[in-house]
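Q: Coordinates in structure_35.cif, mmCIF, C-alpha atoms, are listed below.
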```
data_work
#
loop_
_atom_site.label_atom_id
_atom_site.label_comp_id
_atom_site.auth_asym_id
_atom_site.auth_seq_id
_atom_site.Cartn_x
_atom_site.Cartn_y
_atom_site.Cartn_z
CA MET A 21 -72.21 -94.75 -8.01
CA LYS A 22 -71.79 -96.41 -4.63
CA LYS A 23 -70.56 -99.54 -6.39
CA ILE A 24 -67.84 -97.59 -8.24
CA LEU A 25 -66.74 -95.96 -4.99
CA PHE A 26 -66.59 -99.36 -3.27
CA ILE A 27 -64.52 -100.90 -6.10
CA SER A 28 -62.16 -97.90 -6.16
CA ILE A 29 -61.53 -98.13 -2.42
CA THR A 30 -60.97 -101.90 -2.62
CA VAL A 31 -58.48 -101.52 -5.49
CA LEU A 32 -56.64 -98.76 -3.62
CA MET A 33 -56.46 -100.87 -0.46
CA LEU A 34 -55.17 -103.88 -2.36
CA ALA A 35 -52.59 -101.78 -4.21
CA SER A 36 -51.22 -100.47 -0.93
CA CYS A 37 -50.92 -104.04 0.36
CA THR A 38 -48.76 -105.35 -2.45
CA THR A 39 -45.12 -105.75 -1.55
CA GLN A 40 -42.47 -105.01 -4.10
CA LYS A 41 -40.43 -107.97 -5.24
CA PRO A 42 -36.79 -107.58 -4.11
CA LEU A 43 -34.06 -107.05 -6.71
CA TYR A 44 -32.43 -110.35 -5.68
CA THR A 45 -33.20 -113.44 -3.63
CA TRP A 46 -30.58 -114.84 -1.28
CA GLY A 47 -31.64 -118.23 0.09
CA ASN A 48 -30.03 -118.85 3.50
CA TYR A 49 -27.15 -116.47 2.83
CA GLU A 50 -27.24 -114.56 6.14
CA ILE A 51 -27.05 -117.67 8.30
CA THR A 52 -24.57 -119.63 6.16
CA SER A 53 -22.28 -116.60 5.74
CA TYR A 54 -22.37 -116.00 9.49
CA ASN A 55 -21.42 -119.64 10.14
CA TYR A 56 -18.58 -119.40 7.60
CA LEU A 57 -17.38 -116.14 9.13
CA LYS A 58 -17.42 -117.71 12.57
CA ASN A 59 -16.07 -121.19 11.86
CA SER A 60 -14.52 -121.38 8.36
CA ASP A 61 -14.50 -125.18 8.68
CA GLU A 62 -15.37 -127.80 6.07
CA LYS A 63 -19.05 -127.94 6.98
CA SER A 64 -19.64 -124.17 6.95
CA THR A 65 -17.65 -123.82 3.69
CA GLN A 66 -19.76 -126.50 2.01
CA GLN A 67 -22.99 -124.89 3.22
CA LEU A 68 -21.89 -121.51 1.89
CA ILE A 69 -20.96 -123.04 -1.49
CA GLU A 70 -24.43 -124.60 -1.68
CA THR A 71 -25.99 -121.23 -0.85
CA TYR A 72 -24.03 -119.52 -3.64
CA GLN A 73 -25.12 -122.24 -6.08
CA GLN A 74 -28.73 -121.73 -5.05
CA ILE A 75 -28.47 -117.93 -5.43
CA ILE A 76 -26.97 -118.36 -8.90
CA GLU A 77 -29.14 -121.17 -10.23
CA LYS A 78 -32.47 -120.34 -8.59
CA GLN A 79 -32.41 -116.56 -8.70
CA LYS A 80 -35.96 -115.22 -8.35
CA GLY A 81 -35.29 -111.51 -7.87
CA SER A 82 -36.91 -108.85 -10.05
CA ARG A 83 -33.66 -108.19 -11.97
CA GLY A 84 -33.34 -111.86 -12.86
CA VAL A 85 -29.55 -111.76 -12.57
CA VAL A 86 -27.02 -112.91 -9.99
CA PRO A 87 -26.55 -110.25 -7.25
CA PRO A 88 -23.38 -108.12 -7.22
CA GLY A 89 -20.42 -109.71 -5.47
CA VAL A 90 -21.81 -113.27 -5.46
CA TYR A 91 -19.70 -114.68 -8.30
CA ALA A 92 -16.62 -113.01 -6.79
CA ASP A 93 -17.19 -114.34 -3.28
CA TYR A 94 -18.08 -117.79 -4.62
CA GLY A 95 -14.81 -117.66 -6.56
CA PHE A 96 -12.95 -116.66 -3.40
CA VAL A 97 -14.36 -119.61 -1.42
CA LEU A 98 -13.41 -121.97 -4.28
CA LEU A 99 -9.88 -120.52 -4.32
CA GLN A 100 -9.63 -121.09 -0.56
CA ALA A 101 -10.62 -124.72 -1.19
CA ASN A 102 -7.76 -124.99 -3.75
CA ARG A 103 -10.21 -125.16 -6.67
CA THR A 104 -8.13 -122.47 -8.43
CA GLU A 105 -9.39 -122.73 -12.03
CA GLU A 106 -13.07 -122.80 -11.00
CA GLY A 107 -12.41 -119.89 -8.66
CA LYS A 108 -10.77 -117.79 -11.37
CA ALA A 109 -13.64 -118.54 -13.75
CA MET A 110 -16.09 -117.18 -11.18
CA LEU A 111 -14.04 -114.00 -10.71
CA LEU A 112 -14.14 -113.42 -14.47
CA LYS A 113 -17.92 -113.94 -14.47
CA GLU A 114 -18.20 -111.18 -11.87
CA VAL A 115 -16.34 -108.74 -14.13
CA ALA A 116 -18.43 -109.75 -17.16
CA LEU A 117 -21.69 -109.12 -15.28
CA TYR A 118 -20.52 -106.10 -13.28
CA PRO A 119 -17.73 -104.17 -15.09
CA GLU A 120 -17.42 -101.84 -12.06
CA SER A 121 -15.76 -104.76 -10.22
CA LYS A 122 -12.81 -104.81 -12.66
CA ILE A 123 -10.44 -102.63 -10.60
CA PHE A 124 -10.69 -104.93 -7.59
CA ILE A 125 -10.94 -108.30 -9.39
CA ASP A 126 -7.95 -107.53 -11.64
CA ARG A 127 -5.94 -106.90 -8.48
CA ILE A 128 -7.03 -110.28 -7.07
CA LEU A 129 -6.21 -112.11 -10.31
CA LYS A 130 -2.77 -110.53 -10.22
CA ILE A 131 -2.22 -111.75 -6.65
CA ILE A 132 -3.25 -115.30 -7.71
CA GLU A 133 -0.78 -115.27 -10.61
CA GLU A 134 2.15 -114.18 -8.41
CA MET B 54 -54.26 -55.42 24.80
CA LYS B 55 -50.65 -55.49 25.93
CA ASN B 56 -51.35 -58.53 28.11
CA ILE B 57 -52.98 -60.38 25.24
CA LEU B 58 -49.97 -59.71 23.03
CA ILE B 59 -47.58 -60.99 25.69
CA ILE B 60 -49.68 -64.15 26.10
CA ILE B 61 -49.68 -64.74 22.33
CA VAL B 62 -45.90 -64.23 22.04
CA VAL B 63 -45.23 -66.58 24.98
CA ALA B 64 -47.66 -69.17 23.61
CA VAL B 65 -46.06 -69.08 20.15
CA ALA B 66 -42.56 -69.36 21.64
CA PHE B 67 -43.71 -72.29 23.82
CA LEU B 68 -45.40 -74.12 20.97
CA SER B 69 -42.48 -73.65 18.58
CA SER B 70 -40.15 -75.19 21.16
CA CYS B 71 -42.40 -78.27 21.26
CA THR B 72 -42.37 -79.01 17.56
CA THR B 73 -40.40 -82.03 16.44
CA THR B 74 -38.06 -81.87 13.47
CA ALA B 75 -40.12 -81.78 10.30
CA PRO B 76 -39.47 -84.67 7.92
CA ILE B 77 -37.28 -83.74 5.00
CA ALA B 78 -36.88 -85.14 1.51
CA LYS B 79 -34.14 -87.70 0.88
CA SER B 80 -32.62 -85.46 -1.79
CA VAL B 81 -32.04 -82.85 0.94
CA ALA B 82 -31.09 -85.16 3.81
CA TYR B 83 -28.70 -87.23 1.67
CA LYS B 84 -27.72 -84.55 -0.84
CA GLY B 85 -24.21 -85.97 -1.32
CA MET B 86 -25.62 -89.26 -2.57
CA TYR B 87 -27.83 -87.58 -5.15
CA ASP B 88 -25.03 -85.25 -6.27
CA GLU B 89 -22.31 -87.89 -6.56
CA LYS B 90 -24.48 -90.75 -7.91
CA PRO B 91 -22.30 -93.46 -6.32
CA LEU B 92 -22.49 -97.04 -7.56
CA THR B 93 -20.06 -99.18 -5.57
CA VAL B 94 -20.12 -99.73 -1.80
CA LEU B 95 -17.41 -101.24 0.39
CA LEU B 96 -18.66 -102.79 3.64
CA MET B 97 -16.15 -101.92 6.33
CA PRO B 98 -15.83 -104.46 9.16
CA PRO B 99 -18.17 -103.23 11.92
CA ILE B 100 -16.62 -101.35 14.84
CA ASN B 101 -17.70 -103.13 17.99
CA ARG B 102 -17.78 -100.97 21.11
CA SER B 103 -20.32 -103.24 22.85
CA THR B 104 -19.58 -105.99 25.35
CA ASN B 105 -20.85 -108.70 22.99
CA VAL B 106 -17.77 -110.11 21.23
CA GLU B 107 -19.79 -111.66 18.40
CA ALA B 108 -21.80 -108.56 17.49
CA LYS B 109 -19.29 -107.70 14.77
CA GLU B 110 -20.00 -110.97 12.89
CA TYR B 111 -23.77 -110.66 13.31
CA PHE B 112 -23.67 -107.29 11.63
CA TYR B 113 -21.08 -108.03 8.95
CA SER B 114 -23.07 -110.98 7.62
CA THR B 115 -26.29 -108.96 7.39
CA LEU B 116 -25.18 -105.65 5.82
CA TYR B 117 -24.71 -107.03 2.30
CA ILE B 118 -28.33 -107.87 1.39
CA PRO B 119 -30.10 -104.56 2.19
CA ILE B 120 -27.43 -102.52 0.36
CA ALA B 121 -27.45 -104.77 -2.73
CA ASN B 122 -31.26 -104.90 -2.73
CA ALA B 123 -31.30 -101.08 -2.64
CA GLY B 124 -29.61 -101.18 -6.05
CA PHE B 125 -25.92 -100.68 -5.28
CA TYR B 126 -22.93 -102.72 -6.36
CA VAL B 127 -21.61 -104.21 -3.12
CA ILE B 128 -17.95 -105.18 -3.32
CA SER B 129 -17.77 -108.89 -2.51
CA PRO B 130 -17.71 -108.96 1.32
CA PHE B 131 -15.48 -112.02 1.95
CA LEU B 132 -12.94 -111.19 -0.72
CA SER B 133 -12.69 -107.55 0.40
CA MET B 134 -12.40 -108.62 4.04
CA GLU B 135 -9.50 -110.90 3.12
CA ILE B 136 -7.68 -108.01 1.43
CA LEU B 137 -8.42 -105.65 4.34
CA LYS B 138 -6.90 -108.24 6.70
CA LYS B 139 -3.83 -108.69 4.47
CA GLU B 140 -3.31 -104.91 4.32
CA SER B 141 -3.71 -104.62 8.12
CA ALA B 142 -6.84 -102.57 7.56
CA TYR B 143 -9.32 -104.84 9.34
CA ASP B 144 -9.83 -102.33 12.18
CA ALA B 145 -12.24 -99.86 10.56
CA GLU B 146 -11.86 -97.49 13.52
CA LEU B 147 -8.50 -96.46 11.99
CA PHE B 148 -10.24 -95.09 8.89
CA LEU B 149 -13.34 -93.51 10.36
CA ASN B 150 -11.74 -90.07 10.35
CA SER B 151 -9.05 -90.59 7.72
CA PRO B 152 -8.95 -89.98 3.98
CA LEU B 153 -10.61 -92.83 2.09
CA THR B 154 -9.18 -92.28 -1.40
CA LYS B 155 -7.10 -95.47 -1.08
CA PHE B 156 -10.32 -97.51 -0.85
CA GLY B 157 -11.40 -96.00 -4.14
CA GLU B 158 -8.10 -96.94 -5.76
CA VAL B 159 -7.82 -100.50 -4.40
CA PHE B 160 -11.45 -101.62 -4.35
CA GLY B 161 -13.03 -99.24 -6.84
CA ALA B 162 -15.35 -98.15 -4.02
CA ASP B 163 -17.37 -94.94 -4.30
CA LEU B 164 -18.73 -95.29 -0.77
CA ALA B 165 -17.51 -96.88 2.46
CA LEU B 166 -20.12 -98.08 4.95
CA PHE B 167 -19.08 -97.92 8.60
CA THR B 168 -21.16 -99.40 11.39
CA ILE B 169 -20.47 -98.70 15.04
CA ILE B 170 -22.14 -101.07 17.50
CA HIS B 171 -22.36 -98.97 20.66
CA LYS B 172 -24.51 -101.35 22.65
CA TRP B 173 -25.63 -104.98 22.45
CA ASP B 174 -27.18 -106.14 25.73
CA LYS B 175 -29.53 -109.02 26.31
CA SER B 176 -31.88 -110.05 29.06
CA GLY B 177 -32.01 -113.80 29.56
CA LEU B 178 -35.56 -114.91 30.23
CA ALA B 179 -37.35 -111.99 28.62
CA ALA B 180 -35.44 -112.79 25.39
CA LYS B 181 -34.96 -109.12 24.69
CA VAL B 182 -31.93 -107.57 23.03
CA TYR B 183 -31.10 -103.88 23.36
CA ILE B 184 -28.93 -102.49 20.60
CA GLN B 185 -27.57 -99.10 19.70
CA VAL B 186 -26.02 -98.93 16.25
CA GLU B 187 -24.67 -96.01 14.28
CA TYR B 188 -24.49 -96.23 10.49
CA ILE B 189 -22.16 -93.89 8.59
CA ILE B 190 -21.69 -93.89 4.84
CA LYS B 191 -18.78 -91.80 3.58
CA SER B 192 -17.76 -90.83 0.09
CA THR B 193 -14.29 -92.11 -0.78
CA LYS B 194 -13.88 -89.14 -3.13
CA THR B 195 -14.84 -86.23 -0.85
CA ASN B 196 -14.56 -87.98 2.52
CA GLU B 197 -17.94 -86.40 3.38
CA VAL B 198 -20.59 -88.26 5.36
CA VAL B 199 -23.39 -88.78 2.84
CA TYR B 200 -25.71 -90.87 5.02
CA THR B 201 -25.94 -91.40 8.75
CA ARG B 202 -28.54 -92.80 11.13
CA THR B 203 -28.37 -94.08 14.68
CA GLY B 204 -30.88 -96.53 16.06
CA ASP B 205 -31.80 -97.41 19.63
CA VAL B 206 -33.53 -100.71 19.10
CA THR B 207 -35.22 -103.10 21.47
CA TYR B 208 -35.63 -106.46 19.78
CA ASP B 209 -38.05 -109.03 21.18
CA ALA B 210 -36.75 -112.44 20.15
CA SER B 211 -39.48 -114.34 22.00
CA VAL B 212 -41.73 -116.76 20.15
CA SER B 213 -45.11 -118.10 21.08
CA THR B 214 -45.40 -121.89 21.29
CA GLY B 215 -49.16 -121.92 21.00
CA VAL B 216 -49.27 -124.34 23.97
CA GLY B 217 -52.25 -123.59 26.16
CA GLY B 218 -52.95 -124.12 29.86
CA ALA B 219 -50.75 -123.86 32.94
CA TRP B 220 -47.58 -124.93 31.12
CA SER B 221 -47.84 -122.36 28.34
CA GLY B 222 -45.67 -119.80 30.13
CA LEU B 223 -42.85 -122.29 30.73
CA ALA B 224 -43.04 -123.64 27.20
CA ASP B 225 -42.80 -120.11 25.80
CA ILE B 226 -39.75 -119.34 27.96
CA ALA B 227 -37.99 -122.54 26.80
CA ALA B 228 -38.73 -121.83 23.14
CA SER B 229 -37.49 -118.27 23.51
CA ALA B 230 -34.25 -119.47 25.07
CA ILE B 231 -33.61 -121.67 22.02
CA ASN B 232 -34.57 -118.81 19.73
CA THR B 233 -31.92 -116.57 21.27
CA ALA B 234 -29.16 -119.06 20.46
CA ALA B 235 -26.19 -117.58 18.56
CA THR B 236 -27.47 -117.82 15.00
CA LYS B 237 -30.78 -116.25 15.99
CA TYR B 238 -28.91 -113.05 16.80
CA VAL B 239 -28.27 -112.77 13.09
CA ASN B 240 -32.00 -111.98 12.87
CA VAL B 241 -31.60 -109.13 15.35
CA ALA B 242 -28.90 -107.49 13.21
CA ARG B 243 -30.87 -108.23 10.03
CA ALA B 244 -34.03 -106.54 11.34
CA CYS B 245 -32.05 -103.53 12.56
CA ASN B 246 -30.29 -103.11 9.20
CA ALA B 247 -33.49 -103.67 7.21
CA TYR B 248 -35.33 -100.95 9.17
CA THR B 249 -32.46 -98.45 9.00
CA PHE B 250 -31.77 -98.76 5.27
CA LYS B 251 -35.43 -98.43 4.28
CA ASP B 252 -34.76 -94.78 3.45
CA LEU B 253 -31.44 -95.35 1.67
CA PRO B 254 -31.53 -93.59 -1.72
CA ALA B 255 -32.01 -96.09 -4.55
CA GLY B 256 -28.88 -97.28 -6.32
CA LYS B 257 -28.27 -97.62 -10.06
CA TYR B 258 -29.75 -101.13 -10.31
CA SER B 259 -33.03 -100.14 -8.67
CA PRO B 260 -36.03 -99.38 -10.92
CA ILE B 261 -36.63 -96.17 -8.91
CA TYR B 262 -33.03 -94.92 -9.27
CA GLY B 263 -32.96 -91.13 -9.57
CA THR B 264 -36.68 -90.75 -8.92
CA ASP B 265 -36.90 -91.22 -5.15
CA GLY B 266 -35.49 -87.85 -4.05
CA GLU B 267 -38.89 -86.52 -3.03
CA GLN B 268 -39.55 -89.41 -0.66
CA LEU B 269 -39.06 -88.59 3.00
CA ALA B 270 -35.88 -89.46 4.86
CA GLY B 271 -36.19 -91.30 8.16
CA GLU B 272 -35.17 -89.72 11.45
CA LYS B 273 -31.42 -89.46 12.01
CA LEU B 274 -31.82 -90.72 15.57
CA PHE B 275 -34.58 -93.22 16.09
CA LYS B 276 -35.93 -95.46 18.81
CA LEU B 277 -38.04 -98.46 18.07
CA ASN B 278 -39.16 -101.93 19.05
CA LEU B 279 -38.69 -104.79 16.62
CA ASN B 280 -39.51 -108.46 16.83
CA SER B 281 -38.74 -111.68 14.98
CA LYS B 282 -41.63 -111.06 12.55
CA TYR B 283 -39.99 -107.90 11.14
CA LYS B 284 -38.73 -108.43 7.60
#
```
Output the file's structure in the form of structure tokens.

A:
Amino acid sequence: MKKILFISITVLMLASCTTQKPLYTWGNYEITSYNYLKNSDEKSTQQLIETYQQIIEKQKGSRGVVPPGVYADYGFVLLQANRTEEGKAMLLKEVALYPESKIFIDRILKIIEE
Amino acid sequence: MKNILIIIVVAVAFLSSCTTTAPIAKSVAYKGMYDEKPLTVLLMPPINRSTNVEAKEYFYSTLYIPIANAGFYVISPFLSMEILKKESAYDAELFLNSPLTKFGEVFGADLALFTIIHKWDKSGLAAKVYIQVEYIIKSTKTNEVVYTRTGDVTYDASVSTGVGGAWSGLADIAASAINTAATKYVNVARACNAYTFKDLPAGKYSPIYGTDGEQLAGEKLFKLNLNSKYK
């Protein structure tokens, strides 16, 4: 009886210790995005691009998909670096994965075409 | 008998005045969010009323992750910021008390998240940062505030070097000074946001979406101490 009680308490304690896996993983996003926001130079742009690539290719979040907004912002940074076709492709990926982004992304695509 | 009654009445009145606000369920505290079932969130550029000129950037770069990880669709922060700048809408203060329907039309946003940094002070050697931040989430459809919390946070950015002996104090002070360099302040904003949004109702992409209404909401006004270990 005592044994059962002991096991139950241990299981309960362990269960309360487990942390839930986040929906998405972000690599160094907070630091690299801050640096880009602050400097917007070649180095910070390159570091942010690498962060986006890492978020996309090595996504370990519980949803197993790229977080909302990442394809779109990656596309924006590519557009800023005059990589127009790659940038547009990323914007379209955002809409495919998150249809709720269509209103905004369509507006951006229209601006690019003008 | 009369005296006893008076004592009881006074005691009850005294005790009731001492009670703190009872915790309430998220579905009550943030009723608008449960009623409207919003999906998309636009991060407004933070309103900086503090004396630290960089506080706006620290906060803007750290708002995205907790909101997305809560299950919402966050409208791409850099792309939306670019459009806000182009439309002369970068100063969020202008929209704090104005109709937000335009943000729904242009960005497809259901919610707009405003942050007001009231205070960001630091003490040099103690490596402490004192922040007061107000978070306001408004519906772009009804213009109602659906979520708001204000935090008075003391953040201890000091680190321990693990160096023993007479020099340990000096070594710790030097390490803390490095730790409080510009990019480290990102951690201050991150910890503050992470703590605040712990009680944010789950968004559509969260596995607990629609089932977390009975959980308790945090205090609207809170004071706390955080340090670099807070995740």

Q: Go through A:Arg103, A:Lys63, A:Leu112, A:Gly89 and flag the residue nearest Val94 (chain B), using all atoms listed in the file for the distances.

A: A:Gly89

Q: Could you list the residues in chain B lying within 9 Å of chain A, using only C-alpha atoms, and format the result as a PyMOL selection string?

A: chain B and resi 92-93+107+110-111+113-115+117-118+121-133+136+158-162+236-237+239-240+243+258-260

Q: What's around Tyr200 (chain B) at 9 Å? Count only C-alpha atoms, leave out sequence neighbours fewer than 6 positions away in its own chain, and write the answer as number ranges by chain.

A: B: 82-86, 188-191, 253

Q: How would the residues just chosen look if you wrote them out with C-alpha atoms as a PDB file, in the frame of the given file?

A:
```
ATOM      1  CA  ALA B  82     -31.090 -85.160   3.810  1.00  0.00           C
ATOM      2  CA  TYR B  83     -28.700 -87.230   1.670  1.00  0.00           C
ATOM      3  CA  LYS B  84     -27.720 -84.550  -0.840  1.00  0.00           C
ATOM      4  CA  GLY B  85     -24.210 -85.970  -1.320  1.00  0.00           C
ATOM      5  CA  MET B  86     -25.620 -89.260  -2.570  1.00  0.00           C
ATOM      6  CA  TYR B 188     -24.490 -96.230  10.490  1.00  0.00           C
ATOM      7  CA  ILE B 189     -22.160 -93.890   8.590  1.00  0.00           C
ATOM      8  CA  ILE B 190     -21.690 -93.890   4.840  1.00  0.00           C
ATOM      9  CA  LYS B 191     -18.780 -91.800   3.580  1.00  0.00           C
ATOM     10  CA  LEU B 253     -31.440 -95.350   1.670  1.00  0.00           C
TER      11      LEU B 253
END
```

Q: What is the CA of Leu98 (chain A) to CA of Met110 (chain A) distance in Å?

A: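 So the answer is 8.8 Å.
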
Q: From the list B:Glu272, B:Glu140, B:Asp174, B:Asp205, which residue is nearest Val186 (chain B) when using all atoms listed in the file?

A: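 For Val186 (chain B), the nearest of the given residues is B:Asp205.
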
Q: Neighbourhood query: residues within 12 Å of (-43.1, -109.5, 8.4), file coordinates, counting only C-alpha atoms; return as a PyMOL selection string.

A: (chain A and resi 39) or (chain B and resi 244+247-248+279-284)

Q: I would like the residues chosen by the PyMOL selection byres ((chain B and resi 252) around 8) on the shown file; could you give them as an mmCIF file with C-alpha atoms, in the coordinates of the input?

A:
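Result file follows (part18.cif):
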```
data_model
loop_
_atom_site.group_PDB
_atom_site.id
_atom_site.type_symbol
_atom_site.label_atom_id
_atom_site.label_comp_id
_atom_site.auth_asym_id
_atom_site.auth_seq_id
_atom_site.Cartn_x
_atom_site.Cartn_y
_atom_site.Cartn_z
ATOM 1 C CA LYS B 79 -34.140 -87.700 0.880
ATOM 2 C CA THR B 249 -32.460 -98.450 9.000
ATOM 3 C CA PHE B 250 -31.770 -98.760 5.270
ATOM 4 C CA LYS B 251 -35.430 -98.430 4.280
ATOM 5 C CA LEU B 253 -31.440 -95.350 1.670
ATOM 6 C CA PRO B 254 -31.530 -93.590 -1.720
ATOM 7 C CA LEU B 269 -39.060 -88.590 3.000
ATOM 8 C CA ALA B 270 -35.880 -89.460 4.860
ATOM 9 C CA GLY B 271 -36.190 -91.300 8.160
#
```

Q: Grab the CA of Val241 (chain B) to CA of Gly204 (chain B) distance for me, in Å with one decimal place.

A: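 Interatomic distance, CA of Val241 (chain B) to CA of Gly204 (chain B): 12.6 Å.
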
Q: Just checking: using only C-alpha atoms, which residue out of B:Ala75, B:Lys276, B:Thr193, B:Tyr87 ends up closest to Asn150 (chain B)?

A: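 With only C-alpha atoms as the atom set, the closest residue is B:Thr193.
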